[in-house]
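Below: input17.txt (compact mmCIF, C-alpha atoms)
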```
# COMPACT_ATOMS: atom_id res chain seq x y z
CA MET A 980 49.54 -16.15 124.32
CA SER A 981 48.34 -19.29 122.64
CA GLN A 982 44.86 -19.13 121.21
CA THR A 983 42.34 -21.92 120.95
CA HIS A 984 39.96 -20.56 118.35
CA HIS A 985 41.36 -19.27 115.09
CA ALA A 986 40.41 -17.76 111.78
CA THR A 987 39.75 -20.18 108.92
CA ASP A 988 42.24 -20.45 106.06
CA GLU A 989 39.66 -19.00 103.67
CA THR A 990 39.40 -15.90 105.84
CA LEU A 991 43.16 -15.49 106.27
CA MET A 992 43.62 -15.83 102.53
CA ARG A 993 41.01 -13.15 101.88
CA TYR A 994 42.68 -10.96 104.52
CA ALA A 995 46.06 -11.42 102.79
CA ALA A 996 44.54 -10.87 99.34
CA GLY A 997 42.82 -7.71 100.56
CA THR A 998 39.34 -8.91 99.64
CA LEU A 999 37.93 -9.19 103.16
CA ALA A 1000 35.56 -6.29 103.96
CA ALA A 1001 36.84 -3.56 106.30
CA ALA A 1002 34.93 -4.58 109.45
CA PRO A 1003 35.85 -8.30 109.40
CA ALA A 1004 39.41 -7.32 108.49
CA ILE A 1005 39.64 -5.25 111.70
CA VAL A 1006 38.38 -8.16 113.79
CA VAL A 1007 40.86 -10.54 112.13
CA LYS A 1008 43.66 -8.02 112.67
CA ALA A 1009 42.82 -7.89 116.38
CA HIS A 1010 43.14 -11.68 116.53
CA LEU A 1011 46.43 -11.67 114.59
CA ALA A 1012 47.99 -9.41 117.23
CA SER A 1013 47.57 -12.20 119.76
CA CYS A 1014 48.01 -15.24 117.52
CA PRO A 1015 51.46 -16.12 116.10
CA ALA A 1016 50.04 -19.18 114.31
CA CYS A 1017 47.57 -17.12 112.28
CA ARG A 1018 50.23 -14.46 111.63
CA ALA A 1019 52.41 -17.15 110.08
CA ARG A 1020 49.51 -18.30 107.90
CA VAL A 1021 48.86 -14.74 106.75
CA ALA A 1022 52.56 -14.44 105.85
CA THR A 1023 52.17 -17.59 103.75
CA TYR A 1024 49.11 -16.23 101.95
CA GLU A 1025 50.88 -12.93 101.32
CA ALA A 1026 53.77 -14.91 99.86
CA LEU A 1027 51.21 -16.63 97.66
CA GLY A 1028 50.10 -13.19 96.48
CA GLY A 1029 53.75 -12.37 95.74
CA ALA A 1030 54.21 -15.56 93.75
CA LEU A 1031 51.04 -14.86 91.75
CA LEU A 1032 52.24 -11.31 91.06
CA GLU A 1033 55.53 -12.71 89.72
CA ASP A 1034 53.62 -15.12 87.47
CA ILE A 1035 51.22 -12.56 86.11
CA GLU A 1036 51.37 -11.63 82.42
CA PRO A 1037 53.06 -8.18 82.18
CA THR A 1038 51.13 -5.36 80.48
CA PRO A 1039 53.35 -2.75 78.77
CA LEU A 1040 53.36 0.61 80.50
CA SER A 1041 53.25 3.90 78.63
CA ALA A 1042 56.61 4.92 77.21
CA THR A 1043 57.11 7.69 79.74
CA ALA A 1044 56.09 5.73 82.83
CA LEU A 1045 59.61 5.10 84.12
CA ASN A 1046 60.84 8.65 83.61
CA ASP A 1047 57.64 10.04 85.12
CA VAL A 1048 58.18 8.09 88.27
CA LEU A 1049 61.91 8.87 88.43
CA ALA A 1050 61.10 12.57 88.16
CA LEU A 1051 58.79 12.25 91.16
CA LEU A 1052 61.47 10.72 93.37
CA ASP A 1053 62.98 14.16 94.00
CA ASP A 1054 59.76 15.34 95.60
CA GLU A 1055 59.66 12.21 97.68
CA ASP A 1056 63.16 12.84 98.97
CA ASP A 1057 62.43 16.48 99.69
CA ALA A 1058 59.30 15.71 101.64
CA ALA A 1059 59.95 16.10 105.33
CA VAL A 1060 59.56 12.87 107.22
CA ALA A 1061 56.85 13.56 109.75
CA VAL A 1062 57.55 12.25 113.21
CA PRO A 1063 54.35 10.53 114.29
CA PRO A 1064 52.96 11.82 117.58
CA PRO A 1065 52.95 9.36 120.46
CA LEU A 1066 49.85 7.26 120.18
CA ALA A 1067 47.18 7.42 122.84
CA PRO A 1068 45.82 4.03 123.86
CA VAL A 1069 42.67 2.89 122.07
CA GLU A 1070 39.98 2.58 124.71
CA ILE A 1071 36.35 2.89 125.60
CA GLU A 1072 35.61 4.47 128.95
CA GLY A 1073 38.96 3.40 130.37
CA ILE A 1074 38.92 -0.14 128.95
CA ARG A 1075 41.84 -0.89 126.66
CA LEU A 1076 40.81 -2.06 123.19
CA PRO A 1077 42.77 -3.78 120.39
CA GLU A 1078 45.18 -1.62 118.34
CA ALA A 1079 43.28 -2.81 115.26
CA LEU A 1080 40.56 -0.31 116.21
CA ARG A 1081 42.90 2.68 115.91
CA GLY A 1082 41.33 5.36 113.74
CA CYS A 1083 37.82 3.99 114.25
CA ASP A 1084 35.06 6.07 115.72
CA ILE A 1085 34.17 4.39 119.01
CA GLY A 1086 30.90 5.54 120.51
CA ARG A 1087 29.76 5.35 124.11
CA TRP A 1088 28.23 2.27 125.68
CA ARG A 1089 24.50 2.19 125.16
CA TRP A 1090 22.11 0.10 127.18
CA ILE A 1091 20.41 -2.44 124.97
CA GLY A 1092 18.96 -4.82 127.50
CA PRO A 1093 19.47 -6.19 131.01
CA GLY A 1094 23.21 -6.65 131.60
CA MET A 1095 23.96 -5.79 128.01
CA LYS A 1096 25.59 -2.75 126.44
CA MET A 1097 26.67 -1.99 122.94
CA SER A 1098 28.83 0.55 121.19
CA ARG A 1099 28.63 0.95 117.46
CA VAL A 1100 32.05 1.38 115.89
CA GLY A 1101 32.42 3.66 112.88
CA VAL A 1102 34.95 2.44 110.35
CA PRO A 1103 36.41 5.32 108.30
CA GLN A 1104 37.29 2.99 105.39
CA ASP A 1105 33.75 1.73 105.08
CA PRO A 1106 30.70 3.75 106.14
CA ASP A 1107 28.49 0.69 105.68
CA ALA A 1108 30.54 -1.53 107.96
CA ASN A 1109 28.73 -3.46 110.67
CA LEU A 1110 31.15 -3.39 113.57
CA ILE A 1111 30.12 -3.32 117.21
CA LEU A 1112 31.50 -3.71 120.70
CA LEU A 1113 29.31 -5.73 123.04
CA LYS A 1114 29.56 -5.83 126.83
CA VAL A 1115 27.55 -8.61 128.37
CA GLY A 1116 27.21 -9.40 132.09
CA PRO A 1117 28.32 -12.71 133.69
CA GLY A 1118 26.00 -15.63 133.03
CA ARG A 1119 23.99 -13.76 130.42
CA ALA A 1120 23.22 -15.02 126.97
CA LEU A 1121 24.29 -13.01 123.97
CA PRO A 1122 21.41 -12.18 121.66
CA ASP A 1123 20.24 -15.34 119.94
CA HIS A 1124 20.75 -14.92 116.25
CA GLY A 1125 21.51 -16.43 112.93
CA HIS A 1126 23.09 -14.34 110.23
CA VAL A 1127 23.30 -13.75 106.55
CA GLY A 1128 26.99 -13.92 105.79
CA THR A 1129 29.78 -14.79 108.20
CA GLU A 1130 30.05 -13.27 111.65
CA PHE A 1131 33.46 -12.58 113.18
CA THR A 1132 33.79 -12.10 116.93
CA TYR A 1133 37.00 -11.27 118.78
CA ILE A 1134 37.03 -11.64 122.54
CA VAL A 1135 38.53 -8.55 124.19
CA SER A 1136 38.00 -9.62 127.82
CA GLY A 1137 36.07 -12.20 129.80
CA SER A 1138 34.84 -15.34 128.09
CA PHE A 1139 31.76 -16.99 126.67
CA THR A 1140 30.78 -20.53 125.84
CA ASP A 1141 28.61 -21.91 123.09
CA ARG A 1142 28.30 -25.37 121.55
CA PHE A 1143 31.70 -24.92 119.89
CA GLY A 1144 33.56 -24.42 123.17
CA THR A 1145 34.80 -21.63 125.39
CA PHE A 1146 36.14 -18.47 123.79
CA ARG A 1147 38.74 -16.47 125.73
CA PRO A 1148 40.54 -13.15 125.20
CA GLY A 1149 42.40 -13.17 121.90
CA ASP A 1150 40.23 -15.94 120.41
CA LEU A 1151 38.31 -15.46 117.22
CA ALA A 1152 34.87 -16.95 116.69
CA GLU A 1153 34.03 -17.25 113.04
CA MET A 1154 30.46 -18.37 112.40
CA ASP A 1155 29.15 -19.21 108.98
CA ASP A 1156 25.78 -18.04 107.79
CA ASP A 1157 24.02 -21.32 108.39
CA VAL A 1158 25.12 -21.51 112.02
CA GLU A 1159 22.69 -20.73 114.77
CA HIS A 1160 24.45 -20.43 118.09
CA GLN A 1161 23.69 -19.19 121.55
CA PRO A 1162 26.80 -17.89 123.31
CA VAL A 1163 26.50 -17.54 127.10
CA VAL A 1164 28.97 -15.41 129.03
CA ASP A 1165 30.82 -17.38 131.68
CA THR A 1166 29.91 -16.63 135.26
CA ASP A 1167 33.27 -15.28 136.43
CA GLY A 1168 32.89 -11.83 134.90
CA GLU A 1169 31.48 -9.70 132.12
CA CYS A 1170 32.59 -10.28 128.56
CA ILE A 1171 33.56 -7.62 126.04
CA CYS A 1172 33.76 -8.61 122.42
CA LEU A 1173 34.22 -7.00 119.06
CA ALA A 1174 31.91 -8.31 116.38
CA ALA A 1175 31.66 -7.76 112.64
CA MET A 1176 29.07 -9.04 110.27
CA GLU A 1177 29.48 -9.50 106.55
CA GLY A 1178 25.78 -9.52 105.96
CA ARG A 1179 22.66 -8.51 107.84
CA MET A 1180 22.00 -10.11 111.17
CA ARG A 1181 18.66 -11.71 111.81
CA PHE A 1182 17.76 -11.89 115.44
CA LYS A 1183 15.34 -14.33 116.91
CA SER A 1184 14.91 -13.10 120.46
CA VAL A 1185 13.11 -10.05 121.78
CA ILE A 1186 16.40 -8.38 122.72
CA GLY A 1187 17.74 -9.22 119.34
CA ARG A 1188 14.82 -7.53 117.68
CA MET A 1189 15.44 -4.52 119.93
CA LEU A 1190 19.02 -4.44 118.67
CA GLN A 1191 18.03 -4.29 115.06
CA PRO A 1192 16.94 -0.63 114.93
CA ILE A 1193 19.97 0.39 117.00
CA PHE A 1194 22.23 -1.31 114.52
CA GLY A 1195 20.41 0.47 111.82
CA ILE A 1196 20.37 -2.73 109.83
CA MET B 409 69.78 14.37 103.37
CA TYR B 410 70.16 13.12 99.84
CA GLU B 411 72.17 15.91 98.29
CA ALA B 412 73.16 14.16 95.10
CA SER B 413 69.61 13.42 94.01
CA SER B 414 69.48 15.70 91.00
CA PRO B 415 72.80 14.75 89.41
CA VAL B 416 71.98 11.08 89.78
CA VAL B 417 68.69 11.31 87.95
CA LEU B 418 70.47 12.98 85.08
CA GLU B 419 72.79 10.03 84.82
CA ILE B 420 69.89 7.82 83.87
CA PRO B 421 69.16 8.63 80.25
CA PRO B 422 65.66 8.13 78.93
CA ALA B 423 66.89 5.29 76.80
CA PHE B 424 67.95 3.62 80.00
CA ALA B 425 71.49 2.68 79.05
CA ALA B 426 72.22 1.46 82.55
CA GLY B 427 69.36 -0.97 82.33
CA ARG B 428 70.71 -2.40 79.12
CA ARG B 429 74.10 -2.91 80.71
CA LEU B 430 72.37 -4.86 83.48
CA ALA B 431 70.09 -6.61 81.03
CA VAL B 432 70.54 -9.97 82.75
CA VAL B 433 68.32 -8.79 85.58
CA SER B 434 65.73 -7.11 83.41
CA SER B 435 63.09 -9.58 82.33
CA ILE B 436 61.15 -7.27 80.03
CA ASP B 437 63.15 -8.09 76.93
CA THR B 438 64.26 -11.55 77.89
CA PRO B 439 62.24 -14.42 79.28
CA GLN B 440 64.81 -14.78 82.05
CA MET B 441 63.40 -13.85 85.43
CA PRO B 442 65.59 -12.13 88.00
CA THR B 443 66.12 -14.45 90.93
CA PRO B 444 64.61 -13.53 94.30
CA ASP B 445 68.16 -12.86 95.54
CA VAL B 446 68.82 -10.35 92.76
CA LEU B 447 65.53 -8.59 93.50
CA ALA B 448 66.31 -8.49 97.23
CA GLY B 449 69.76 -7.04 96.43
CA LEU B 450 68.18 -4.29 94.33
CA MET B 451 65.65 -3.54 97.04
CA MET B 452 68.42 -3.25 99.63
CA GLN B 453 70.28 -0.83 97.36
CA VAL B 454 67.15 1.29 97.19
CA ALA B 455 66.66 1.18 100.96
CA ARG B 456 70.28 1.76 101.96
CA ASP B 457 71.75 3.88 99.18
CA ARG B 458 68.60 5.43 97.63
CA ASP B 459 69.92 3.89 94.42
CA ARG B 460 67.84 5.08 91.46
CA GLN B 461 69.24 2.58 88.99
CA ALA B 462 68.25 -0.27 91.28
CA PHE B 463 64.83 1.33 91.62
CA ALA B 464 64.50 1.66 87.86
CA LEU B 465 65.27 -2.04 87.42
CA LEU B 466 62.66 -2.95 90.01
CA PHE B 467 60.21 -0.71 88.20
CA ARG B 468 60.91 -2.39 84.88
CA HIS B 469 60.31 -5.78 86.42
CA PHE B 470 57.30 -5.06 88.61
CA GLY B 471 55.66 -2.08 86.87
CA PRO B 472 54.12 -4.07 83.98
CA ARG B 473 53.05 -6.84 86.37
CA LEU B 474 51.47 -4.33 88.73
CA LYS B 475 49.60 -2.85 85.78
CA THR B 476 48.05 -6.23 85.02
CA PHE B 477 47.28 -6.63 88.72
CA PHE B 478 45.32 -3.37 88.79
CA LEU B 479 43.64 -4.05 85.44
CA ARG B 480 42.28 -7.31 86.87
CA TRP B 481 40.29 -5.25 89.32
CA THR B 482 38.34 -3.66 86.48
CA ILE B 483 40.34 -0.46 86.82
CA SER B 484 40.82 1.53 83.61
CA SER B 485 44.21 1.54 81.93
CA GLY B 486 44.98 5.17 82.81
CA VAL B 487 44.05 4.75 86.46
CA ALA B 488 45.97 1.47 86.57
CA GLU B 489 49.11 3.33 85.45
CA ASP B 490 48.53 5.94 88.16
CA LEU B 491 48.22 3.21 90.75
CA VAL B 492 51.39 1.53 89.47
CA GLN B 493 53.15 4.85 89.96
CA GLU B 494 51.68 5.26 93.43
CA THR B 495 52.74 1.74 94.35
CA MET B 496 56.31 2.22 93.15
CA LEU B 497 56.59 5.62 94.87
CA THR B 498 55.47 3.95 98.09
CA VAL B 499 58.12 1.28 97.50
CA TRP B 500 60.71 4.08 97.23
CA ARG B 501 59.39 5.99 100.23
CA LYS B 502 59.00 3.00 102.52
CA ALA B 503 61.97 0.99 101.28
CA SER B 504 63.41 0.96 104.79
CA TYR B 505 60.47 -1.20 105.90
CA PHE B 506 61.54 -3.91 103.51
CA ASP B 507 63.07 -6.69 105.56
CA PRO B 508 64.34 -9.68 103.58
CA ALA B 509 64.05 -11.80 106.71
CA ARG B 510 60.29 -11.26 106.70
CA ALA B 511 59.26 -11.32 103.06
CA GLY B 512 60.65 -11.55 99.55
CA VAL B 513 60.49 -8.48 97.29
CA ALA B 514 57.55 -9.76 95.22
CA THR B 515 55.61 -10.47 98.41
CA TRP B 516 56.37 -7.08 99.91
CA ILE B 517 55.45 -5.23 96.73
CA PHE B 518 52.27 -7.32 96.51
CA THR B 519 51.24 -6.12 100.00
CA VAL B 520 51.99 -2.49 99.06
CA ALA B 521 49.87 -2.82 95.87
CA ARG B 522 47.10 -4.57 97.79
CA ASN B 523 46.91 -1.67 100.26
CA ILE B 524 46.92 0.89 97.44
CA ARG B 525 44.06 -0.93 95.74
CA ILE B 526 42.00 -1.00 98.96
CA ASP B 527 42.72 2.69 99.41
CA HIS B 528 41.70 3.43 95.84
CA LEU B 529 38.36 1.65 96.37
CA ARG B 530 37.75 3.70 99.48
CA ARG B 531 38.59 6.99 97.78
CA GLN B 532 36.15 6.12 95.03
CA ARG B 533 33.43 5.55 97.58
CA ASP B 534 34.17 8.63 99.65
CA PRO B 535 36.77 11.03 98.25
CA SER B 536 36.73 13.12 101.44
CA THR B 537 38.21 10.47 103.69
CA LEU B 538 41.86 10.77 104.52
CA PRO B 539 43.93 7.75 103.76
CA PRO B 540 45.46 6.02 106.73
CA ASP B 541 49.18 5.51 106.44
CA PRO B 542 49.88 1.84 106.80
CA GLU B 543 53.43 1.09 107.79
CA GLU B 544 53.83 -1.51 105.08
CA ALA B 545 55.60 -3.55 107.70
CA PRO B 546 54.42 -7.13 107.55
CA GLU B 547 53.18 -8.77 110.70
CA THR B 548 55.95 -10.19 112.83
CA VAL B 549 56.18 -13.90 112.28
CA GLU B 550 58.12 -16.18 114.59
CA ASP B 551 58.14 -19.41 112.64
CA GLY B 552 61.85 -19.12 111.88
CA LEU B 553 61.33 -19.05 108.11
CA LEU B 554 63.24 -16.50 106.10
CA GLY B 555 61.10 -14.47 103.74
CA ALA B 556 62.87 -15.89 100.71
CA GLU B 557 62.43 -19.45 102.00
CA ARG B 558 58.74 -18.93 102.57
CA ASP B 559 58.40 -17.45 99.07
CA ALA B 560 60.25 -20.39 97.53
CA GLN B 561 58.06 -22.91 99.38
CA VAL B 562 54.89 -21.16 98.31
CA ARG B 563 56.02 -20.88 94.70
CA HIS B 564 56.87 -24.57 94.67
CA ALA B 565 53.50 -25.49 96.18
CA LEU B 566 51.69 -23.30 93.66
CA THR B 567 53.27 -25.10 90.71
CA ALA B 568 52.25 -28.42 92.21
CA LEU B 569 48.57 -27.48 92.01
CA SER B 570 46.51 -28.51 89.01
CA THR B 571 45.79 -25.81 86.40
CA GLU B 572 42.20 -25.80 87.57
CA GLN B 573 43.20 -25.19 91.15
CA GLN B 574 45.69 -22.50 90.17
CA THR B 575 42.95 -20.71 88.27
CA ILE B 576 40.64 -20.72 91.29
CA ILE B 577 43.38 -19.41 93.60
CA ARG B 578 44.39 -16.73 91.10
CA LEU B 579 40.81 -15.54 90.78
CA SER B 580 40.46 -15.20 94.53
CA TYR B 581 43.55 -12.95 94.62
CA PHE B 582 43.10 -10.94 91.46
CA SER B 583 39.42 -10.48 90.98
CA GLU B 584 36.54 -8.75 92.63
CA LYS B 585 34.28 -11.49 91.46
CA SER B 586 32.24 -13.37 93.98
CA GLN B 587 32.23 -17.14 93.87
CA THR B 588 28.89 -16.94 92.05
CA GLU B 589 30.40 -14.77 89.32
CA ILE B 590 33.45 -17.03 89.10
CA ALA B 591 31.08 -19.96 88.61
CA ASP B 592 29.37 -18.13 85.74
CA GLU B 593 32.66 -17.23 84.13
CA LEU B 594 34.02 -20.76 84.30
CA GLY B 595 30.63 -22.20 83.37
CA ILE B 596 30.52 -24.50 86.39
CA PRO B 597 28.04 -24.72 89.28
CA LEU B 598 28.61 -22.60 92.40
CA GLY B 599 29.01 -25.73 94.52
CA THR B 600 31.86 -26.80 92.27
CA VAL B 601 33.62 -23.44 92.73
CA LYS B 602 33.29 -23.78 96.48
CA SER B 603 34.53 -27.34 96.61
CA ARG B 604 37.30 -26.60 94.13
CA THR B 605 38.47 -23.64 96.22
CA ARG B 606 38.42 -25.76 99.35
CA LEU B 607 40.31 -28.57 97.62
CA ALA B 608 42.89 -26.16 96.23
CA MET B 609 43.44 -24.68 99.69
CA ASN B 610 43.69 -28.10 101.34
CA ARG B 611 46.18 -29.24 98.73
CA LEU B 612 48.20 -26.05 99.18
CA ARG B 613 48.21 -26.51 102.93
CA ALA B 614 49.29 -30.14 102.62
CA LEU B 615 52.10 -29.18 100.24
CA LEU B 616 53.31 -26.45 102.57
CA GLU B 617 53.21 -28.67 105.63
CA ASP B 618 55.04 -31.39 103.74
CA GLN B 619 58.08 -29.24 103.28
CA PRO B 620 60.82 -29.09 105.88
```
What would the structure in this file look like if it were written as structure tokens?
Amino acid sequence: MSQTHHATDETLMRYAAGTLAAAPAIVVKAHLASCPACRARVATYEALGGALLEDIEPTPLSATALNDVLALLDDEDDAAVAVPPPLAPVEIEGIRLPEALRGCDIGRWRWIGPGMKMSRVGVPQDPDANLILLKVGPGRALPDHGHVGTEFTYIVSGSFTDRFGTFRPGDLAEMDDDVEHQPVVDTDGECICLAAMEGRMRFKSVIGRMLQPIFGI
Amino acid sequence: MYEASSPVVLEIPPAFAAGRRLAVVSSIDTPQMPTPDVLAGLMMQVARDRDRQAFALLFRHFGPRLKTFFLRWTISSGVAEDLVQETMLTVWRKASYFDPARAGVATWIFTVARNIRIDHLRRQRDPSTLPPDPEEAPETVEDGLLGAERDAQVRHALTALSTEQQTIIRLSYFSEKSQTEIADELGIPLGTVKSRTRLAMNRLRALLEDQP
């Protein structure tokens, strides 16, 4: 699958460096699964991390550090290798979701407005994460909003269009904090997307303001 | 499986005689860095043969670097040593995931350390959460580059950056600081940090695309 809309280099570098917050990192990971080009860029930024690690000034370890770790290898070898159980598909009410959401706490769809449902996703690594699934009917506008901090949206199914183009399954929409945009779901079917916010969202529309208490933000 | 584990560990004396014999590949005492090929060879010995001497050499090379890595994240010295140990034990445990076609040793160990650091942050926030068990397998990449080639390209590109640009890139890998805090530390305006980061990344990208 060849994607049209990608993550920025800044984001992929933060993903590779491990400094991207948990929720955006999940959204980026979902995109990586369907985007060889971004996977290659992540590999490059991980290699950059490796090169920087090589270059770093060494700090002496305690005198016993090596022997301590060697002594622990026996336990490692004795530990039984657990065979992982077969993995159930990640889904919400029968709809297949990206593997990147494995381990997350996916709630039920909740009605948030005409033709619009939302499920808040709990991220075990980060209780404060703002991660949601949105299901929006054909031809409907997503809540009009600007945001504080970058917003990351991965398209699971269907498509939407805003002034930056049409976003299809596998695409990633990365919107900076100063961007106001009004995505409208294309008329050929509903659109499910996974969205993460780095900062608080500020909604402008009535529906948006209704969302705010549900988000708990 | 590994029946000979105990006798082998006894063969490595505390003074680490074996390491001295192989001093050419140990960079702690000499400024000479082991080549990526040597490191990959050691890593393969660990993966295939569960070779403790090879592991010890990797530890001597990467351990002190990993300690600095963790210290940069404002982690105390004692905890940093624990995390170095955890990282190297993961390297031992998951050695079979190391694939020289995908990544060089330094890159692979960097990703292991990165995941351990993220995990450590999470445990600090909520000690009750169970750690996930990442596979430490890098994403599959189909651009036909060998891990070692990619590493060499990146290293070359990094040295071609100005000192200023290298500093900015290093801070974004090894520091929790926001761009605002980086600006304060370097005594330059926030806008300059942003533009310098962008310039450094553009230059890096150009250098990488320039190469065959």
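Separating atom CA of Glu1169 of chain A from atom CA of Gly1137 of chain A is a distance of 5.7 Å.
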Residue list as a PyMOL selection string for point (44.2, -24.7, 97.6), cut-off 12 Å, only C-alpha atoms
(chain A and resi 988-989+992+1024+1027) or (chain B and resi 562+565-580+601-616)
Non-local contacts of segment 554-556 of chain B (10 Å; all atoms listed in the file; under 4 positions in same chain excluded) as number ranges by chain
A: 1022-1023, 1026; B: 444-445, 448, 507-516, 549-550, 560-562
Residues just named, written with C-alpha atoms as a tab-separated table (two decimals), in the coordinates of the input:
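Saved to again_22.tsv:
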```tsv
chain	number	residue	atom	x	y	z
A	1022	ALA	CA	52.56	-14.44	105.85
A	1023	THR	CA	52.17	-17.59	103.75
A	1026	ALA	CA	53.77	-14.91	99.86
B	444	PRO	CA	64.61	-13.53	94.30
B	445	ASP	CA	68.16	-12.86	95.54
B	448	ALA	CA	66.31	-8.49	97.23
B	507	ASP	CA	63.07	-6.69	105.56
B	508	PRO	CA	64.34	-9.68	103.58
B	509	ALA	CA	64.05	-11.80	106.71
B	510	ARG	CA	60.29	-11.26	106.70
B	511	ALA	CA	59.26	-11.32	103.06
B	512	GLY	CA	60.65	-11.55	99.55
B	513	VAL	CA	60.49	-8.48	97.29
B	514	ALA	CA	57.55	-9.76	95.22
B	515	THR	CA	55.61	-10.47	98.41
B	516	TRP	CA	56.37	-7.08	99.91
B	549	VAL	CA	56.18	-13.90	112.28
B	550	GLU	CA	58.12	-16.18	114.59
B	560	ALA	CA	60.25	-20.39	97.53
B	561	GLN	CA	58.06	-22.91	99.38
B	562	VAL	CA	54.89	-21.16	98.31
```
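Taking atom CA of Asp1156 of chain A and atom CA of Phe1131 of chain A as endpoints, the distance between them is 10.9 Å.
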Ala1108 of chain A surroundings by all atoms listed in the file, 7 Å radius, close-in-sequence under 2 positions cut, as JSON, numbers by chain
{"A": [1001, 1002, 1102, 1105, 1106, 1110]}
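The gap separating atom CA of Gly449 of chain B from atom CA of Ala462 of chain B is 8.6 Å, in Å to one decimal.
Around the coordinate (34.3, -15.5, 136.5), residues that reach within 12 Å when counting all atoms listed in the file are Gly1116, Pro1117, Gly1118, Ser1136, Gly1137, Ser1138, Phe1139, Arg1147, Val1164, Asp1165, Thr1166, Asp1167, Gly1168, Glu1169 and Cys1170 of chain A.
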Report the closest atom pair, with its distance in Å rounded to one decimal, for each residue of segment 998-1080 of chain A that has an atom no farther than 9 Å from segment 481-499 of chain B; count only C-alpha atoms, sort by chain and then rising residue number, and write it as JSON lines.
```
{"residue": "A:Leu1040", "atom": "CA", "partner": "B:Glu489", "partner_atom": "CA", "distance": 7.1}
{"residue": "A:Ser1041", "atom": "CA", "partner": "B:Glu489", "partner_atom": "CA", "distance": 8.0}
{"residue": "A:Ala1044", "atom": "CA", "partner": "B:Gln493", "partner_atom": "CA", "distance": 7.8}
{"residue": "A:Leu1045", "atom": "CA", "partner": "B:Gln493", "partner_atom": "CA", "distance": 8.7}
{"residue": "A:Asp1047", "atom": "CA", "partner": "B:Gln493", "partner_atom": "CA", "distance": 8.4}
{"residue": "A:Val1048", "atom": "CA", "partner": "B:Gln493", "partner_atom": "CA", "distance": 6.2}
{"residue": "A:Leu1049", "atom": "CA", "partner": "B:Leu497", "partner_atom": "CA", "distance": 9.0}
{"residue": "A:Leu1051", "atom": "CA", "partner": "B:Leu497", "partner_atom": "CA", "distance": 7.9}
{"residue": "A:Leu1052", "atom": "CA", "partner": "B:Leu497", "partner_atom": "CA", "distance": 7.2}
{"residue": "A:Glu1055", "atom": "CA", "partner": "B:Leu497", "partner_atom": "CA", "distance": 7.8}
```
With a cut-off of 7 Å and counting only C-alpha atoms, select all residues of chain A in contact with chain B and give the selection as a PyMOL selection string.
chain A and resi 996-997+1015+1018-1019+1023+1025-1033+1035-1040+1046+1048+1053+1055+1104
Using only C-alpha atoms, which of A:Val1006, A:Leu1080, A:Gly1128, A:Leu1066 sits nearest Asp1157 of chain A?
A:Gly1128
